[in-house]
Number of protein chains: 2
Amino acid sequence: MSIDAGSYGDPETRSRILAVTWDLVADRGSSLKLSEVAARAGVSRQAVYLHFGDRNGLLLALVHHMDETLDLGESLAHVHAASTGRDLLERAMRLNTEFWTAVQPVAQVLEAAQHDDEALGAAWRDRMKLRQGVFAAMIQQLADHDQLSAQWTLEDASALLYAVAHFDTWRELTHQLHWTDDHYVEAMTRLLCRSLLTS
Amino acid sequence: MSIDAGSYGDPETRSRILAVTWDLVADRGSSLKLSEVAARAGVSRQAVYLHFGDRNGLLLALVHHMDETLDLGESLAHVHAASTGRDLLERAMRLNTEFWTAVQPVAQVLEAAQHDDEALGAAWRDRMKLRQGVFAAMIQQLADHDQLSAQWTLEDASALLYAVAHFDTWRELTHQLHWTDDHYVEAMTRLLCRSLLTS
DNA sequence: CTTGTGCTTTACACTGCGTCAAGCACCATA
DNA sequence: TATGGTGCTTGACGCAGTGTAAAGCACAAG
């Protein structure tokens, strides 16, 4: 069903199941089994169905659970408190690498699941819309301080920043090419400064 | 099994199955059913097993099939024939958008399947290694003509170019934000020129 | 007219998903 | 101390999709 977004049962049990799901998605990927989730959470398989309806309901709840768990408000405030354009971009890339470290395994599963379940796809795209907004605000901040190169419109600059900071770029550099997080932050910051900021 | 990389049966049937698989992966994603592949290819479900061993064997064969079908040699020659650094990058981004248009749906499924099947993951990473080599050659060409900014090492520049040109960036811009291919090429070229080339 | 190849047909075991119904433990409250 | 509700368990079942096995059929080559 997965219409049942309302919560059932003990919230403690619920969030324990979600935490276990997060872990399991991280190292099993899309081949996540509900029986395994239940076993690791120390509940019966049916408890999972009682709480989340079905497999996609569980993943959908996981998206919301990540929102609450991560709570990016404070981190974003720190990014926006940057004084220079370079500092802003560097802080953004630093937060970006932390964000994807936590979220990337789930992101990959969700993007793959968009074909099957419309609600799941919509939930994920919503989160990404928020992300776009965050990056758009950064570009606006740069423009307000006359640090955005005149070559770019606000729209193009924020779209590019959003897209280039997406998880594939991060994953290829840090996981496939074995860059450190610092190396990622430094190189991306340089790339973005040179292309987006006034020289 | 999927050890059976050797070909079985009529090559025409084989490539017909692969073509159908490619199509189906493109619009069904990872929820591809072998019975559907068989039906669309006009063969029995068992014929698919005879040819490819199992589901992952089919996907593995698809990777090789894409290599042969795409045949990027000529396109790459055209990219490298560019006279200026800007032209080189623009031609690369133009080819990039064509490449991902064809390959992206399969890429997404394969990246998700890496968890399940080691051979599949290895095959895909091999292809991406080739891609890295291609971009490294471009950076080398820029360096040879003194057009690469001194701010970058060859390694960092080619890794960044590779990663930024990866499919997520392309997909977010063209599919989620509805950029045209031309817009993608133009914006990415500008971004890369400003950050990689000598000013 | 035999043999091998390429494929079909039917059948079956297995796994994971989703559902159902009964029941149990542990509260509250009357 | 009985009553009812909540949160979960237990065991069973139907279903879909994967993968395997065995028999058979059409057709071509010797």
# chains A, B, ... in the order shown; residues from 1 in each chain; ligands from 1
call {"tool": "closest_atom_pairs", "arguments": {"of": "chain A", "to": "chain D", "cutoff": "8 Å", "atoms": "only C-alpha atoms (C1' of nucleotides)", "output": "JSON lines"}}
result
{"residue": "A:Gly9", "atom": "CA", "partner": "D:DG7", "partner_atom": "C1'", "distance": 5.9}
{"residue": "A:Asp10", "atom": "CA", "partner": "D:DG7", "partner_atom": "C1'", "distance": 7.1}
{"residue": "A:Ser44", "atom": "CA", "partner": "D:DT9", "partner_atom": "C1'", "distance": 6.7}
{"residue": "A:Ala47", "atom": "CA", "partner": "D:DC8", "partner_atom": "C1'", "distance": 6.7}
call {"tool": "closest_atom_pairs", "arguments": {"of": "chain A", "to": "chain B", "cutoff": "7 Å", "atoms": "only C-alpha atoms", "output": "CSV"}}
result
residue,atom,partner,partner_atom,distance
A:Arg28,CA,B:His115,CA,6.2
A:Gly29,CA,B:His115,CA,6.0
A:Ser30,CA,B:Ala112,CA,6.7
A:Gln108,CA,B:Ala112,CA,6.7
A:Val109,CA,B:Ala112,CA,6.8
A:Ala112,CA,B:Gln108,CA,6.7
A:His115,CA,B:Gly29,CA,6.0
A:Ala163,CA,B:Thr169,CA,4.7
A:Val164,CA,B:Thr169,CA,5.6
A:His166,CA,B:Thr169,CA,6.5
A:Asp168,CA,B:Asp168,CA,5.6
A:Thr169,CA,B:Ala163,CA,4.7
A:Glu172,CA,B:Ala163,CA,6.0
A:Leu173,CA,B:Ala163,CA,6.5
A:Leu191,CA,B:Ser195,CA,5.3
A:Arg194,CA,B:Ser195,CA,4.9
A:Ser195,CA,B:Arg194,CA,4.9
call {"tool": "closest_atom_pairs", "arguments": {"of": "chain C", "to": "chain A", "cutoff": "9 Å", "atoms": "only C-alpha atoms (C1' of nucleotides)", "output": "Markdown table"}}
result
| residue | atom | partner | partner_atom | distance |
| --- | --- | --- | --- | --- |
| C:DG16 | C1' | A:Lys33 | CA | 7.5 |
| C:DC17 | C1' | A:Arg55 | CA | 8.3 |
| C:DG18 | C1' | A:Asp54 | CA | 7.4 |
call {"tool": "residues_around", "arguments": {"residues": "stretch 137-150 of chain A", "least_positions_apart": "5", "cutoff": "6 Å", "atoms": "only C-alpha atoms (C1' of nucleotides)", "output": "list in words"}}
result
Ser158, Leu196, Leu197 and Thr198 of chain A
call {"tool": "atom_distance", "arguments": {"atom1": "atom C1' of C:DT19", "atom2": "atom CA of A:Val106"}}
result
27.5 Å
call {"tool": "decode", "arguments": {"residues": "stretch 35-138 of chain A", "atoms": "C-alpha atoms", "output": "compact mmCIF listing (two decimals), in the first residue's frame"}}
result
# COMPACT_ATOMS: atom_id res chain seq x y z
CA SER A 35 13.67 -10.30 6.44
CA GLU A 36 17.20 -9.11 7.05
CA VAL A 37 16.01 -5.71 8.19
CA ALA A 38 13.63 -7.35 10.64
CA ALA A 39 16.26 -9.75 11.97
CA ARG A 40 18.81 -6.99 12.56
CA ALA A 41 16.23 -4.75 14.19
CA GLY A 42 15.22 -7.60 16.47
CA VAL A 43 11.62 -7.64 15.34
CA SER A 44 9.53 -9.99 13.25
CA ARG A 45 9.26 -9.50 9.52
CA GLN A 46 5.59 -8.61 9.95
CA ALA A 47 6.40 -5.78 12.30
CA VAL A 48 8.13 -4.07 9.40
CA TYR A 49 4.96 -4.37 7.34
CA LEU A 50 2.84 -3.07 10.21
CA HIS A 51 5.05 0.00 10.51
CA PHE A 52 5.71 0.81 6.87
CA GLY A 53 3.21 -1.02 4.71
CA ASP A 54 5.69 -2.38 2.19
CA ARG A 55 9.20 -2.19 0.85
CA ASN A 56 8.77 1.17 -0.86
CA GLY A 57 6.97 2.52 2.19
CA LEU A 58 10.04 1.66 4.21
CA LEU A 59 12.33 3.44 1.79
CA LEU A 60 9.98 6.43 1.70
CA ALA A 61 10.02 6.61 5.48
CA LEU A 62 13.80 6.36 5.34
CA VAL A 63 13.95 9.51 3.24
CA HIS A 64 11.99 11.45 5.86
CA HIS A 65 14.02 9.87 8.62
CA MET A 66 17.24 11.04 6.99
CA ASP A 67 15.87 14.56 6.81
CA GLU A 68 15.25 14.60 10.54
CA THR A 69 18.45 12.83 11.48
CA LEU A 70 20.74 14.98 9.38
CA ASP A 71 19.17 18.33 10.31
CA LEU A 72 21.25 20.50 8.03
CA GLY A 73 20.07 23.84 9.40
CA GLU A 74 23.05 24.62 11.58
CA SER A 75 25.56 23.40 9.01
CA LEU A 76 23.99 25.61 6.36
CA ALA A 77 24.08 28.61 8.65
CA HIS A 78 27.81 28.07 9.01
CA VAL A 79 28.21 27.94 5.22
CA HIS A 80 26.31 31.18 4.73
CA ALA A 81 28.34 32.87 7.45
CA ALA A 82 31.37 32.77 5.17
CA SER A 83 32.91 36.18 4.50
CA THR A 84 34.45 35.69 1.07
CA GLY A 85 33.17 33.96 -2.02
CA ARG A 86 35.97 31.46 -1.90
CA ASP A 87 35.21 30.69 1.71
CA LEU A 88 31.54 30.20 0.91
CA LEU A 89 32.27 27.70 -1.82
CA GLU A 90 34.82 25.87 0.26
CA ARG A 91 32.43 25.51 3.18
CA ALA A 92 29.73 24.36 0.79
CA MET A 93 31.99 21.68 -0.66
CA ARG A 94 33.02 20.61 2.82
CA LEU A 95 29.41 20.17 3.82
CA ASN A 96 28.75 18.48 0.50
CA THR A 97 31.26 15.73 1.12
CA GLU A 98 29.84 15.11 4.58
CA PHE A 99 26.34 15.04 3.18
CA TRP A 100 27.09 12.53 0.45
CA THR A 101 29.10 10.34 2.77
CA ALA A 102 25.92 9.81 4.76
CA VAL A 103 23.37 9.86 1.98
CA GLN A 104 24.97 8.48 -1.16
CA PRO A 105 24.16 4.77 -0.73
CA VAL A 106 20.51 5.59 -0.16
CA ALA A 107 20.55 8.08 -3.01
CA GLN A 108 21.69 5.45 -5.44
CA VAL A 109 18.99 3.00 -4.41
CA LEU A 110 16.33 5.67 -4.59
CA GLU A 111 17.32 6.88 -8.02
CA ALA A 112 17.14 3.31 -9.25
CA ALA A 113 13.75 2.82 -7.59
CA GLN A 114 12.19 5.83 -9.32
CA HIS A 115 11.14 3.57 -12.18
CA ASP A 116 9.07 1.33 -9.91
CA ASP A 117 7.43 3.67 -7.47
CA GLU A 118 6.21 7.12 -8.30
CA ALA A 119 5.84 8.21 -4.66
CA LEU A 120 9.42 7.27 -3.96
CA GLY A 121 10.70 9.12 -6.98
CA ALA A 122 8.66 12.18 -6.06
CA ALA A 123 9.96 12.15 -2.48
CA TRP A 124 13.52 12.00 -3.69
CA ARG A 125 13.06 14.72 -6.28
CA ASP A 126 11.55 16.89 -3.53
CA ARG A 127 14.73 16.56 -1.49
CA MET A 128 16.79 17.45 -4.52
CA LYS A 129 14.63 20.52 -5.12
CA LEU A 130 15.50 21.65 -1.61
CA ARG A 131 19.14 21.11 -2.48
CA GLN A 132 18.77 23.24 -5.57
CA GLY A 133 17.29 25.96 -3.41
CA VAL A 134 20.25 25.83 -1.08
CA PHE A 135 22.72 26.26 -3.90
CA ALA A 136 20.60 28.99 -5.48
CA ALA A 137 20.77 30.90 -2.18
CA MET A 138 24.53 30.62 -2.21
